[in-house]
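Asker: If it helps, the file is called model_21.tsv and holds TSV, C-alpha atoms:
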chain	number	residue	atom	x	y	z
A	162	MET	CA	0.00	0.00	0.00
A	163	ASP	CA	1.22	3.49	-0.87
A	164	LEU	CA	1.71	5.32	2.42
A	165	ASN	CA	1.06	8.72	0.83
A	166	ARG	CA	-2.55	7.58	0.51
A	167	LEU	CA	-2.86	7.60	4.30
A	168	ILE	CA	-2.12	11.31	4.61
A	169	PRO	CA	-5.41	13.26	4.83
A	170	GLU	CA	-6.28	14.94	1.52
A	171	ARG	CA	-6.58	18.44	2.97
A	172	PHE	CA	-2.85	18.27	3.86
A	173	LEU	CA	-1.70	16.24	0.87
A	174	ASN	CA	-3.23	18.61	-1.72
A	175	VAL	CA	-1.65	21.67	-0.13
A	176	GLY	CA	1.70	19.89	0.17
A	177	ASP	CA	2.04	20.45	3.89
A	178	PRO	CA	5.71	19.75	4.73
A	179	LYS	CA	4.83	18.66	8.27
A	180	TRP	CA	3.18	15.43	7.07
A	181	LYS	CA	5.82	13.12	5.67
A	182	VAL	CA	6.43	9.49	4.76
A	183	LYS	CA	9.72	8.30	6.23
A	184	GLY	CA	10.66	4.65	5.85
A	185	ASP	CA	7.71	2.50	6.92
A	186	PHE	CA	5.98	5.26	8.90
A	187	VAL	CA	3.78	8.26	8.22
A	188	MET	CA	5.17	11.02	10.39
A	189	PHE	CA	4.21	14.48	11.59
A	190	LYS	CA	6.77	17.11	12.45
A	191	LYS	CA	6.40	18.98	15.73
A	192	ILE	CA	9.90	19.86	16.92
A	193	GLU	CA	10.88	16.36	15.71
A	194	HIS	CA	9.32	13.81	13.37
A	195	ILE	CA	6.83	11.78	15.40
A	196	PRO	CA	5.51	8.49	13.92
A	197	LEU	CA	1.74	8.40	13.43
A	198	CYS	CA	0.93	5.17	11.60
A	199	PHE	CA	2.24	2.20	9.62
A	200	VAL	CA	0.86	-0.70	7.58
A	201	LYS	CA	1.25	-4.39	8.37
A	202	ASP	CA	-0.59	-7.21	6.54
A	203	ASP	CA	-3.03	-4.74	4.89
A	204	THR	CA	-4.14	-3.33	8.23
A	205	VAL	CA	-3.24	0.15	9.36
A	206	TYR	CA	-1.89	0.62	12.89
A	207	VAL	CA	-2.26	4.15	14.25
A	208	PHE	CA	-0.33	5.31	17.29
A	209	LEU	CA	-2.69	6.83	19.88
A	210	GLU	CA	-0.36	9.74	20.46
A	211	ASN	CA	-1.45	12.15	23.18
A	212	LYS	CA	1.17	14.60	21.98
A	213	LEU	CA	-0.67	15.04	18.67
A	214	PRO	CA	-4.39	14.53	19.39
A	215	LYS	CA	-5.61	16.72	16.53
A	216	GLN	CA	-3.58	14.86	13.91
A	217	VAL	CA	-4.70	11.44	15.22
A	218	ILE	CA	-8.34	12.50	14.94
A	219	PHE	CA	-7.79	13.81	11.38
A	220	LEU	CA	-6.14	10.53	10.48
A	221	THR	CA	-8.92	8.33	11.93
A	222	GLN	CA	-11.54	10.34	10.08
A	223	HIS	CA	-9.58	9.92	6.86
A	224	LEU	CA	-9.19	6.14	7.41
A	225	MET	CA	-12.92	5.85	8.14
A	226	ASN	CA	-13.67	7.57	4.83
A	227	LEU	CA	-11.27	5.25	2.98
A	228	GLY	CA	-12.95	2.22	4.59
A	229	LEU	CA	-9.69	0.57	5.66
A	230	GLU	CA	-9.23	-1.76	8.60
A	231	PHE	CA	-7.30	0.04	11.32
A	232	TYR	CA	-6.40	-0.39	14.98
A	233	PHE	CA	-4.60	1.66	17.58
A	234	LEU	CA	-1.29	1.02	19.28
A	235	MET	CA	0.54	2.69	22.13
A	236	PRO	CA	3.35	5.01	20.94
A	237	GLU	CA	5.95	3.02	22.87
A	238	CYS	CA	5.57	0.26	20.24
A	239	SER	CA	7.35	2.45	17.67
A	240	SER	CA	10.62	2.02	19.53
A	241	PRO	CA	12.66	-1.08	18.70
A	242	LYS	CA	13.04	-1.78	22.43
A	243	GLY	CA	9.48	-3.17	22.53
A	244	VAL	CA	6.99	-3.46	25.38
A	245	GLU	CA	7.04	-6.07	28.13
A	246	TYR	CA	3.30	-6.60	28.71
A	247	PHE	CA	2.13	-5.58	25.28
A	248	TYR	CA	-1.52	-6.71	25.26
A	249	TYR	CA	-2.44	-5.50	28.74
A	250	ASP	CA	-0.61	-2.18	28.35
A	251	ASN	CA	-2.15	-1.51	24.96
A	252	ILE	CA	-5.69	-2.08	26.24
A	253	LYS	CA	-4.95	0.21	29.17
A	254	HIS	CA	-3.59	2.85	26.82
A	255	TYR	CA	-6.75	2.60	24.65
A	256	LEU	CA	-8.93	3.30	27.69
A	257	LEU	CA	-6.72	5.92	29.33
A	258	SER	CA	-6.38	7.94	26.13
A	259	TYR	CA	-10.15	7.80	25.63
A	260	ALA	CA	-10.53	9.28	29.12
A	261	LYS	CA	-8.58	12.36	28.04
A	262	ASP	CA	-10.71	15.33	26.96
A	263	HIS	CA	-9.24	15.76	23.48
A	264	PHE	CA	-9.88	12.16	22.39
A	265	PHE	CA	-13.21	11.75	24.20
A	266	TYR	CA	-14.84	14.78	22.59
A	267	GLY	CA	-12.84	14.46	19.34
A	268	PHE	CA	-13.91	10.87	18.61
A	269	ASN	CA	-17.50	11.61	19.58
A	270	LYS	CA	-17.47	14.55	17.17
A	271	ILE	CA	-16.50	12.36	14.19
A	272	ASN	CA	-18.84	9.52	15.34
A	273	PHE	CA	-16.08	7.01	15.84
A	274	ASN	CA	-16.71	4.14	18.28
A	275	ILE	CA	-13.39	3.35	19.94
A	276	VAL	CA	-14.93	0.63	22.16
A	277	ASN	CA	-15.96	-1.36	19.10
A	278	ASN	CA	-12.45	-0.93	17.67
A	279	LEU	CA	-10.88	-2.16	20.92
A	280	VAL	CA	-13.09	-5.26	20.97
A	281	LYS	CA	-12.23	-6.06	17.35
A	282	TRP	CA	-8.51	-5.72	18.06
A	283	SER	CA	-8.71	-7.89	21.19
A	284	GLU	CA	-10.58	-10.62	19.30
A	285	LYS	CA	-7.95	-10.54	16.58
A	286	GLU	CA	-5.12	-10.89	19.11
A	287	ASP	CA	-7.00	-13.30	21.44
A	288	CYS	CA	-6.72	-11.09	24.53
A	289	PHE	CA	-10.33	-10.22	25.30
A	290	ASP	CA	-10.05	-11.61	28.85
A	291	LEU	CA	-7.54	-8.90	29.78
A	292	ILE	CA	-10.02	-6.08	29.12
A	293	ARG	CA	-11.96	-6.59	32.37
A	294	GLU	CA	-8.88	-6.26	34.55
A	295	ALA	CA	-7.57	-3.24	32.61
A	296	HIS	CA	-10.98	-1.54	32.71
A	297	ALA	CA	-11.21	-2.00	36.50
A	298	GLU	CA	-7.82	-0.38	36.92
A	299	VAL	CA	-8.62	2.54	34.64
A	300	LEU	CA	-12.05	3.04	36.27
A	301	LYS	CA	-10.36	3.56	39.63
A	302	GLU	CA	-8.21	6.28	38.13
A	303	VAL	CA	-11.08	7.98	36.31
A	304	GLN	CA	-13.33	8.07	39.40
A	305	TYR	CA	-10.56	9.45	41.58
A	306	ALA	CA	-11.70	12.35	43.75
A	307	THR	CA	-10.25	14.52	46.47
A	308	TRP	CA	-12.14	16.01	49.41
A	309	ASP	CA	-11.53	19.67	50.13
A	310	TYR	CA	-12.04	20.21	53.86
A	311	TYR	CA	-12.06	23.98	53.56
A	312	SER	CA	-14.98	24.30	51.11
A	313	ARG	CA	-16.47	20.87	51.97
A	314	LYS	CA	-16.66	19.79	48.36
A	315	LYS	CA	-15.58	16.82	46.31
A	316	TYR	CA	-13.24	17.54	43.40
A	317	PHE	CA	-12.82	15.12	40.51
A	318	VAL	CA	-9.90	14.96	38.09
A	319	TYR	CA	-12.01	13.88	35.10
A	320	LYS	CA	-15.21	15.46	33.83
A	321	GLN	CA	-18.69	14.16	34.59
A	322	ASP	CA	-19.40	13.00	30.99
A	323	ILE	CA	-16.26	10.90	30.99
A	324	ARG	CA	-16.92	9.41	34.43
A	325	GLU	CA	-20.44	8.37	33.47
A	326	GLU	CA	-19.25	6.88	30.17
A	327	PHE	CA	-16.62	4.79	31.95
A	328	ARG	CA	-19.03	3.56	34.61
A	329	THR	CA	-21.09	1.71	32.01
A	330	MET	CA	-18.30	0.99	29.56
A	331	TYR	CA	-17.72	-2.67	30.39
A	332	ARG	CA	-21.36	-3.39	29.61
A	333	GLU	CA	-20.88	-1.73	26.20
A	334	ILE	CA	-17.76	-3.82	25.61
A	335	VAL	CA	-19.60	-7.08	26.27
A	336	ILE	CA	-22.57	-6.06	24.11
A	337	SER	CA	-20.32	-5.08	21.19
A	338	LYS	CA	-18.56	-8.45	21.47
A	339	ILE	CA	-21.88	-10.34	21.26
A	340	LEU	CA	-23.03	-8.26	18.29
B	22	MET	CA	12.44	41.06	6.94
B	23	SER	CA	8.72	41.23	7.54
B	24	ARG	CA	7.56	40.20	10.97
B	25	ASN	CA	4.45	38.27	10.01
B	26	ARG	CA	2.68	35.33	11.63
B	27	ALA	CA	5.21	32.81	10.29
B	28	TRP	CA	8.07	34.79	11.82
B	29	ARG	CA	6.27	35.03	15.18
B	30	ARG	CA	5.65	31.27	15.14
B	31	TYR	CA	9.29	30.61	14.38
B	32	ILE	CA	10.38	32.86	17.26
B	33	GLU	CA	7.86	31.21	19.59
B	34	GLU	CA	9.06	27.71	18.70
B	35	SER	CA	12.71	28.63	19.13
B	36	THR	CA	12.04	30.19	22.57
B	37	VAL	CA	10.03	27.13	23.63
B	38	ILE	CA	12.87	24.80	22.62
B	39	LYS	CA	15.41	27.03	24.38
B	40	ARG	CA	13.41	27.04	27.63
B	41	LEU	CA	12.70	23.31	27.56
B	42	LYS	CA	16.35	22.50	26.86
B	43	ILE	CA	17.28	24.30	30.07
B	44	LYS	CA	14.51	22.42	31.88
B	45	CYS	CA	15.81	19.07	30.61
B	46	SER	CA	19.20	19.60	32.19
B	47	THR	CA	18.08	21.29	35.41
B	48	ASP	CA	15.07	19.22	36.49
B	49	SER	CA	15.34	16.49	39.10
B	50	TRP	CA	17.07	13.22	38.29
B	51	TRP	CA	13.93	11.27	39.23
B	52	ARG	CA	12.21	9.52	36.34
B	53	PHE	CA	9.94	11.58	34.16
B	54	GLU	CA	6.51	10.57	32.84
B	55	ASP	CA	5.35	12.05	29.56
B	56	VAL	CA	1.74	12.52	28.37
B	57	ASN	CA	1.46	8.95	27.15
B	58	GLY	CA	2.53	7.61	30.55
B	59	ILE	CA	5.94	6.43	29.32
B	60	LYS	CA	8.57	6.63	32.04
B	61	LYS	CA	11.97	8.01	31.12
B	62	TYR	CA	15.20	8.66	32.97
B	63	HIS	CA	16.89	10.76	30.29
B	64	ARG	CA	14.35	13.27	29.03
B	65	ARG	CA	14.53	15.25	25.82
B	66	VAL	CA	12.69	18.33	24.59
B	67	ILE	CA	10.19	16.23	22.65
B	68	ASP	CA	9.09	14.42	25.84
B	69	TYR	CA	7.59	17.66	27.14
B	70	LEU	CA	5.10	17.93	24.24
B	71	GLY	CA	1.53	18.14	25.53
B	72	ASN	CA	2.80	18.59	29.07
B	73	LYS	CA	1.87	21.65	31.14
B	74	ASP	CA	5.51	22.81	31.06
B	75	TYR	CA	5.33	22.95	27.26
B	76	TYR	CA	2.31	25.27	27.26
B	77	ARG	CA	3.72	27.33	30.09
B	78	SER	CA	6.93	27.97	28.18
B	79	LYS	CA	4.94	29.29	25.22
B	80	THR	CA	4.13	32.62	26.87
B	81	THR	CA	6.39	35.40	25.70
B	82	SER	CA	5.79	37.62	28.71
B	83	THR	CA	7.39	36.55	31.95
B	84	THR	CA	8.00	38.22	35.28
B	85	LYS	CA	11.41	39.44	34.06
B	86	TRP	CA	11.94	43.05	33.00
B	87	ASP	CA	13.21	42.00	29.58
B	88	SER	CA	9.85	40.63	28.47
B	89	ARG	CA	7.41	42.43	30.75
B	90	TYR	CA	8.39	46.07	30.55
B	91	LYS	CA	10.92	46.47	27.76
B	92	THR	CA	9.77	47.84	24.40
B	93	LYS	CA	11.63	45.66	21.96
B	94	TYR	CA	10.79	46.61	18.43
B	95	SER	CA	10.41	50.34	18.31
B	96	PRO	CA	12.56	53.42	17.71
B	97	ASN	CA	11.69	54.41	21.31
B	98	SER	CA	12.99	51.14	22.67
B	99	THR	CA	15.27	52.77	25.22
B	100	ASN	CA	12.39	53.51	27.62
B	101	GLY	CA	10.37	50.75	29.14
B	102	TYR	CA	6.74	51.09	30.17
B	103	TYR	CA	4.37	49.45	32.60
B	104	ARG	CA	2.16	47.28	30.50
B	105	ASP	CA	-1.59	47.22	31.09
B	106	PRO	CA	-1.69	49.37	34.21
B	107	LYS	CA	-4.75	49.04	36.43
B	108	LYS	CA	-5.91	50.40	39.73
B	109	PHE	CA	-4.50	48.65	42.79
B	110	ARG	CA	-2.60	46.24	40.51
B	111	GLU	CA	-5.67	44.13	39.65
B	112	SER	CA	-3.86	42.82	36.60
B	113	THR	CA	-0.20	41.85	36.50
B	114	GLY	CA	-0.03	42.60	32.80
B	115	LEU	CA	0.52	38.96	31.99
B	116	ARG	CA	-1.65	37.44	29.32
B	117	GLU	CA	-2.08	34.22	31.27
B	118	LYS	CA	-3.74	35.84	34.26
B	119	ASP	CA	-5.89	38.20	32.19
B	120	LYS	CA	-7.16	35.25	30.19
B	121	ARG	CA	-8.02	33.40	33.37
B	122	ASP	CA	-10.07	36.39	34.55
B	123	PHE	CA	-11.78	36.63	31.17
B	124	HIS	CA	-12.85	32.97	31.28
B	125	LYS	CA	-14.10	33.47	34.83
B	126	ILE	CA	-16.34	36.35	33.71
B	127	LEU	CA	-17.65	34.24	30.81
B	128	ARG	CA	-18.44	31.35	33.16
B	129	GLU	CA	-20.26	33.61	35.60
B	130	ASN	CA	-22.49	34.99	32.86
B	131	GLY	CA	-23.24	31.59	31.39
B	132	PHE	CA	-21.39	31.94	28.08
B	133	LYS	CA	-19.10	28.98	28.76
Output the file's structure in the form of structure tokens.

Answerer:
Amino acid sequence: MDLNRLIPERFLNVGDPKWKVKGDFVMFKKIEHIPLCFVKDDTVYVFLENKLPKQVIFLTQHLMNLGLEFYFLMPECSSPKGVEYFYYDNIKHYLLSYAKDHFFYGFNKINFNIVNNLVKWSEKEDCFDLIREAHAEVLKEVQYATWDYYSRKKYFVYKQDIREEFRTMYREIVISKIL
Amino acid sequence: MSRNRAWRRYIEESTVIKRLKIKCSTDSWWRFEDVNGIKKYHRRVIDYLGNKDYYRSKTTSTTKWDSRYKTKYSPNSTNGYYRDPKKFRESTGLREKDKRDFHKILRENGFK
């Protein structure tokens, strides 16, 4: 597959120098060239890069329009060092990145279902059983709150929309697996 | 040389890199966690991307005289001036704090 095809058209037509194909990766330049995606066995793997949320959302929208099969990976996978607990860490990264504001509202804006994508990836790699444990760990972090004794109020780190979404997320995961 | 938006962006990026380079060498030796949750012992400028330190280093006005009071690009650049003066020092003249106040007013009136 020609990697230039994966660059969104709005940047390719203008000839934006920040988007570039280097070796096996499509990269974006922000201070340095940061890898965004690559192709393996006719499936596209996109790095869920929190450093470049806008570009990842543009790319997913473009891949949705092309109708290609694509999954997400944690950015640590781009290094040749590798990851020790790859499957568990990748599932955790899927969920933790979705809990961030930019991806939560960005993916909802383009009507992309990341839960469905996660389930498909886990079925492909035979690691669906790990999702429950990872979700429980992420849920603890998302629901984390501190009590302010001075104002007698509870303060949450994550927003209410995100907390409510994560509370019922495991149910969604199971339903999307059955369907 | 015209000082347009591209020039201002270039200057901003170079100042950000300069500030973060100093931060890389002076911060504590304890491991550093970037936005993706990757732990690193030897940090580089790129690891700060998306971090709060990255956005903080973007502001051109600081508490130093050189950026806060000095008039840089003008024939009258010898004399400095107190930027954005207000009664009883309500504003420090920094864009960060003024923006915070502006968002607070918007929130109070239900625009945000």

Asker: May I ask you to extract the residues of chain A within 8 Å of chain B, using all atoms listed in the file, and to give them as number ranges by chain?

Answerer: A: 192-193, 210-213, 236-237, 254, 258

Asker: For the residues selected in the previous step, produce a file with C-alpha atoms as a PDB file, in the coordinates of the input.

Answerer:
ATOM      1  CA  ILE A 192       9.900  19.860  16.920  1.00  0.00           C
ATOM      2  CA  GLU A 193      10.880  16.360  15.710  1.00  0.00           C
ATOM      3  CA  GLU A 210      -0.360   9.740  20.460  1.00  0.00           C
ATOM      4  CA  ASN A 211      -1.450  12.150  23.180  1.00  0.00           C
ATOM      5  CA  LYS A 212       1.170  14.600  21.980  1.00  0.00           C
ATOM      6  CA  LEU A 213      -0.670  15.040  18.670  1.00  0.00           C
ATOM      7  CA  PRO A 236       3.350   5.010  20.940  1.00  0.00           C
ATOM      8  CA  GLU A 237       5.950   3.020  22.870  1.00  0.00           C
ATOM      9  CA  HIS A 254      -3.590   2.850  26.820  1.00  0.00           C
ATOM     10  CA  SER A 258      -6.380   7.940  26.130  1.00  0.00           C
TER      11      SER A 258
END

Asker: Taking 4 positions as the minimum chain separation for residues in the same chain, which residues sit within 8 Å of stretch 279-283 of chain A when counting only C-alpha atoms? Answer as a list in words.

Answerer: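 Counting only the stated atoms, we get Tyr232, Ile252, Tyr255, Ile275, Asp287, Cys288, Phe289, Ile334, Ser337 and Lys338 of chain A.
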
Asker: Calculate how many Å separate atom CA of B:Tyr76 from atom CA of B:Gly131, rounding to one decimal.

Answerer: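 Taking atom CA of B:Tyr76 and atom CA of B:Gly131, their separation equals 26.6 Å.
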